[in-house]
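Containing TSV, C-alpha atoms: query.tsv.
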```tsv
chain	number	residue	atom	x	y	z
X	94	MET	CA	15.07	-3.78	5.95
X	95	CYS	CA	11.44	-4.13	4.86
X	96	LEU	CA	11.98	-7.85	4.27
X	97	ALA	CA	13.20	-8.35	7.84
X	98	PRO	CA	9.70	-9.24	9.14
X	99	LEU	CA	9.33	-11.89	6.44
X	100	ILE	CA	12.79	-13.30	7.14
X	101	LEU	CA	11.98	-13.44	10.86
X	102	LEU	CA	8.67	-15.16	10.11
X	103	ALA	CA	10.42	-17.75	7.93
X	104	TRP	CA	13.01	-18.31	10.66
X	105	ARG	CA	10.32	-18.76	13.30
X	106	TRP	CA	8.39	-21.13	10.98
X	107	GLN	CA	11.48	-23.21	10.30
X	108	ASN	CA	12.36	-23.42	14.00
X	109	ASN	CA	8.79	-24.21	15.04
X	110	GLU	CA	8.48	-21.01	17.08
X	111	LEU	CA	5.03	-19.88	15.94
X	112	GLY	CA	3.03	-21.47	18.70
X	113	ILE	CA	0.26	-23.99	18.58
X	114	ASN	CA	-1.81	-22.35	15.81
X	115	ARG	CA	0.73	-21.49	13.12
X	116	ILE	CA	-1.96	-20.61	10.59
X	117	GLU	CA	-3.50	-17.95	12.79
X	118	THR	CA	-0.08	-16.65	13.85
X	119	VAL	CA	1.03	-16.16	10.24
X	120	ALA	CA	-2.28	-14.51	9.31
X	121	ARG	CA	-2.04	-12.06	12.19
X	122	TYR	CA	1.65	-11.40	11.59
X	123	THR	CA	1.28	-10.60	7.89
X	124	GLY	CA	-1.84	-8.52	8.53
X	125	ASP	CA	-0.14	-6.57	11.31
X	126	TRP	CA	2.84	-5.81	9.06
X	127	THR	CA	0.54	-4.67	6.27
X	128	LEU	CA	-1.03	-2.19	8.64
X	129	ARG	CA	2.33	-1.09	10.07
X	130	PHE	CA	3.66	-0.31	6.60
X	131	LEU	CA	0.45	1.54	5.68
X	132	VAL	CA	0.68	3.67	8.81
X	133	GLY	CA	4.39	4.19	8.13
X	134	VAL	CA	3.77	5.45	4.61
X	135	LEU	CA	1.13	7.86	5.91
X	136	CYS	CA	3.56	9.22	8.51
X	137	ILE	CA	6.19	10.13	5.94
X	138	THR	CA	4.42	13.20	4.54
X	139	PRO	CA	4.10	15.04	7.87
X	140	LEU	CA	7.52	13.86	9.07
X	141	ARG	CA	9.30	15.13	5.95
X	142	ARG	CA	8.26	18.65	6.86
X	143	LEU	CA	10.41	18.51	9.97
X	144	PRO	CA	13.84	20.12	9.63
X	145	GLY	CA	16.37	17.70	8.16
X	146	GLN	CA	13.81	15.02	7.33
X	147	SER	CA	13.06	15.79	3.69
X	148	GLY	CA	15.01	12.68	2.61
X	149	LEU	CA	12.26	10.46	4.00
X	150	ILE	CA	10.21	11.01	0.84
X	151	ARG	CA	12.61	8.73	-1.06
X	152	PHE	CA	11.33	5.76	0.97
X	153	ARG	CA	7.61	6.41	0.67
X	154	ARG	CA	7.10	4.42	-2.56
X	155	MET	CA	9.09	1.45	-1.27
X	156	ILE	CA	7.21	1.38	2.03
X	157	GLY	CA	3.89	1.60	0.20
X	158	LEU	CA	4.85	-1.28	-2.07
X	159	PHE	CA	5.84	-3.35	0.94
X	160	ALA	CA	2.44	-2.61	2.51
X	161	PHE	CA	0.90	-4.06	-0.65
X	162	PHE	CA	3.33	-7.00	-0.61
X	163	TYR	CA	2.46	-7.95	2.97
X	164	GLY	CA	-1.25	-7.43	2.22
X	165	CYS	CA	-0.95	-9.86	-0.69
X	166	LEU	CA	0.87	-12.34	1.54
X	167	HIS	CA	-1.88	-11.96	4.12
X	168	ALA	CA	-4.61	-12.62	1.53
X	169	TRP	CA	-2.69	-15.46	-0.13
X	170	HIS	CA	-2.08	-17.13	3.22
X	171	TYR	CA	-5.78	-16.98	4.04
X	172	TYR	CA	-6.86	-18.36	0.68
X	173	ALA	CA	-4.13	-20.97	0.16
X	174	VAL	CA	-3.43	-22.16	3.69
X	175	ASP	CA	-6.44	-21.29	5.82
X	176	VAL	CA	-9.29	-22.21	3.46
X	177	GLN	CA	-7.15	-24.30	1.08
X	178	TRP	CA	-8.51	-22.77	-2.15
X	179	ASN	CA	-12.09	-23.69	-1.16
X	180	GLN	CA	-14.27	-21.13	-2.93
X	181	GLU	CA	-17.37	-22.08	-0.95
X	182	ILE	CA	-15.65	-21.16	2.31
X	183	LEU	CA	-14.28	-18.00	0.71
X	184	TRP	CA	-17.75	-16.95	-0.44
X	185	GLU	CA	-19.21	-17.74	2.97
X	186	ASP	CA	-16.60	-15.50	4.61
X	187	ILE	CA	-17.29	-12.71	2.13
X	188	THR	CA	-21.03	-12.85	2.82
X	189	THR	CA	-20.98	-13.38	6.59
X	190	ARG	CA	-17.87	-11.71	8.02
X	191	ARG	CA	-17.77	-7.95	7.81
X	192	PHE	CA	-14.11	-7.77	8.85
X	193	PHE	CA	-13.31	-9.90	5.81
X	194	VAL	CA	-15.01	-7.45	3.46
X	195	ALA	CA	-13.16	-4.51	5.03
X	196	GLY	CA	-9.83	-6.23	4.46
X	197	LEU	CA	-10.79	-7.14	0.91
X	198	ILE	CA	-11.70	-3.52	0.17
X	199	GLY	CA	-8.39	-2.33	1.61
X	200	LEU	CA	-6.39	-4.74	-0.53
X	201	ALA	CA	-8.45	-4.01	-3.66
X	202	VAL	CA	-7.83	-0.28	-3.23
X	203	MET	CA	-4.09	-0.92	-2.96
X	204	VAL	CA	-3.94	-2.71	-6.35
X	205	PRO	CA	-4.15	0.42	-8.54
X	206	LEU	CA	-1.80	2.23	-6.17
X	207	ALA	CA	0.86	-0.44	-6.54
X	208	ALA	CA	0.26	-0.70	-10.29
X	209	THR	CA	0.82	3.04	-10.75
X	210	SER	CA	3.70	3.46	-8.32
X	211	TRP	CA	6.39	3.66	-11.01
X	212	ALA	CA	7.63	7.04	-12.22
X	213	GLY	CA	6.29	6.54	-15.76
X	214	ALA	CA	2.74	6.28	-14.41
X	215	ILE	CA	2.94	9.85	-13.12
X	216	LYS	CA	3.90	11.08	-16.59
X	217	ARG	CA	1.27	8.99	-18.37
X	218	MET	CA	-1.57	9.83	-15.99
X	219	GLY	CA	-0.57	13.40	-15.33
X	220	GLY	CA	0.52	14.55	-11.90
X	221	LYS	CA	-2.90	15.72	-10.72
X	222	ARG	CA	-4.75	12.54	-11.72
X	223	TRP	CA	-1.98	10.36	-10.29
X	224	GLN	CA	-2.07	12.30	-7.02
X	225	ARG	CA	-5.86	12.03	-6.83
X	226	LEU	CA	-5.66	8.26	-7.35
X	227	HIS	CA	-2.97	7.88	-4.71
X	228	ARG	CA	-5.13	9.61	-2.12
X	229	LEU	CA	-6.92	6.27	-2.02
X	230	VAL	CA	-4.16	5.21	0.36
X	231	TYR	CA	-6.32	6.79	3.06
X	232	VAL	CA	-9.22	4.52	2.10
X	233	ALA	CA	-6.89	1.51	2.23
X	234	ALA	CA	-5.59	2.54	5.64
X	235	ILE	CA	-9.07	3.12	7.05
X	236	ALA	CA	-10.25	-0.23	5.66
X	237	GLY	CA	-7.19	-1.89	7.22
X	238	VAL	CA	-7.87	-0.34	10.61
X	239	VAL	CA	-11.55	-1.31	10.40
X	240	HIS	CA	-10.54	-4.86	9.41
X	241	PHE	CA	-8.16	-4.97	12.37
X	242	TYR	CA	-10.74	-3.57	14.81
X	243	TRP	CA	-13.58	-5.80	13.65
X	244	GLN	CA	-11.30	-8.80	13.79
X	245	GLY	CA	-10.95	-8.07	17.49
X	246	LYS	CA	-7.21	-7.62	17.67
X	247	ALA	CA	-5.92	-5.64	20.59
X	248	ALA	CA	-2.36	-4.59	19.77
X	249	LEU	CA	-0.10	-3.94	16.83
```
Could I get this structure in the form of structure tokens?
Amino acid sequence: MCLAPLILLAWRWQNNELGINRIETVARYTGDWTLRFLVGVLCITPLRRLPGQSGLIRFRRMIGLFAFFYGCLHAWHYYAVDVQWNQEILWEDITTRRFFVAGLIGLAVMVPLAATSWAGAIKRMGGKRWQRLHRLVYVAAIAGVVHFYWQGKAAL
């Protein structure tokens, strides 16, 4: 189910249904899905407290990992397709575009979360330390929203 947006994007790419600026469309699409999955993972904790919804917790890790996956796709697309591996352009964007830095912070914060998402990490780190680390999801979400807002997007 979480791959459905990617499958739809590939279908639309193949059938030339992405509009005139395919690069921008893909960047927005992958960024929007990153944010949707981040918001989704944050909604699970309060929703699981509702009667009959405790099973939602089983999906939280998967949804979080898909947020990271789409964030990586978003960043890869920018670097590989948009600026074509040009480090000078990348550095210029880092130093002149604040929305870029916000997105970079959000993705960087998600790296340790994804790396420690497996059950063994909880045992190795200890539950309290693992939980403290995973509270960084709020930082990632805020950075994502700031990135989105500063980019000037209007709707998810």
Neighbour list for X:Leu166 as a ChimeraX atom specification, cut-off 10 Å, all atoms listed in the file, skip fewer than 4 positions in-chain: /X:99,119-120,123-124,127,160-162,170-172
File dump, residues just selected, C-alpha atoms, as a PDB file, in the coordinates of the input:
```pdb
ATOM      1  CA  LEU X  99       9.330 -11.890   6.440  1.00  0.00           C
ATOM      2  CA  VAL X 119       1.030 -16.160  10.240  1.00  0.00           C
ATOM      3  CA  ALA X 120      -2.280 -14.510   9.310  1.00  0.00           C
ATOM      4  CA  THR X 123       1.280 -10.600   7.890  1.00  0.00           C
ATOM      5  CA  GLY X 124      -1.840  -8.520   8.530  1.00  0.00           C
ATOM      6  CA  THR X 127       0.540  -4.670   6.270  1.00  0.00           C
ATOM      7  CA  ALA X 160       2.440  -2.610   2.510  1.00  0.00           C
ATOM      8  CA  PHE X 161       0.900  -4.060  -0.650  1.00  0.00           C
ATOM      9  CA  PHE X 162       3.330  -7.000  -0.610  1.00  0.00           C
ATOM     10  CA  HIS X 170      -2.080 -17.130   3.220  1.00  0.00           C
ATOM     11  CA  TYR X 171      -5.780 -16.980   4.040  1.00  0.00           C
ATOM     12  CA  TYR X 172      -6.860 -18.360   0.680  1.00  0.00           C
TER      13      TYR X 172
END
```
Stretch 229-236 of chain X environment, 7 Å, all atoms listed in the file, sequence neighbours closer than 3 positions dropped, as a PyMOL selection string: chain X and resi 131+195-196+198-200+202-203+226+239-240
With C-alpha atoms retained, could you export that selection as an mmCIF file, keeping the file's coordinate frame?
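Result saved to part-v8.cif:
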```cif
data_model
loop_
_atom_site.group_PDB
_atom_site.id
_atom_site.type_symbol
_atom_site.label_atom_id
_atom_site.label_comp_id
_atom_site.auth_asym_id
_atom_site.auth_seq_id
_atom_site.Cartn_x
_atom_site.Cartn_y
_atom_site.Cartn_z
ATOM 1 C CA LEU X 131 0.450 1.540 5.680
ATOM 2 C CA ALA X 195 -13.160 -4.510 5.030
ATOM 3 C CA GLY X 196 -9.830 -6.230 4.460
ATOM 4 C CA ILE X 198 -11.700 -3.520 0.170
ATOM 5 C CA GLY X 199 -8.390 -2.330 1.610
ATOM 6 C CA LEU X 200 -6.390 -4.740 -0.530
ATOM 7 C CA VAL X 202 -7.830 -0.280 -3.230
ATOM 8 C CA MET X 203 -4.090 -0.920 -2.960
ATOM 9 C CA LEU X 226 -5.660 8.260 -7.350
ATOM 10 C CA VAL X 239 -11.550 -1.310 10.400
ATOM 11 C CA HIS X 240 -10.540 -4.860 9.410
#
```
Residue among X:Trp106, X:Tyr122, X:Trp243, X:Phe130 lying closest to X:Val194, counting only C-alpha atoms: X:Trp243
From X:Pro139, X:Gly148, X:Gly157, X:Pro98, residue lying nearest X:Thr209 [only C-alpha atoms]: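 Closest residue, counting only C-alpha atoms: X:Gly157.
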X:Gly145, X:Leu206, X:Ile113, X:Gly219 ranked by distance to X:Leu158, top pick (using only C-alpha atoms):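 Closest candidate: X:Leu206.
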Straight-line distance linking atom CA of X:His167 with atom CA of X:Gln244, stated in Å to one decimal: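 Going from atom CA of X:His167 over to atom CA of X:Gln244 covers 13.9 Å.
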X:Val176, X:Arg121, X:Arg105, X:Phe192 ranked by distance to X:Val238, top pick (using only C-alpha atoms): X:Phe192
For X:Cys95, the nearest of the candidates X:Ser147, X:Glu117, X:Phe159, X:Leu111, counting all atoms listed in the file: X:Phe159
Return as lines of an AutoDock Vina configuration file the box centre and box size in Å, one decimal, for an axis-aligned box around all listed atoms of stretch 108-116 of chain X padded by 4 Å per side.
```
center_x = 5.2
center_y = -22.0
center_z = 14.6
size_x = 22.3
size_y = 12.3
size_z = 16.1
```
Atom CA of X:Asp125 to atom CA of X:Ala168, straight-line distance in Å: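 So the answer is 12.3 Å.
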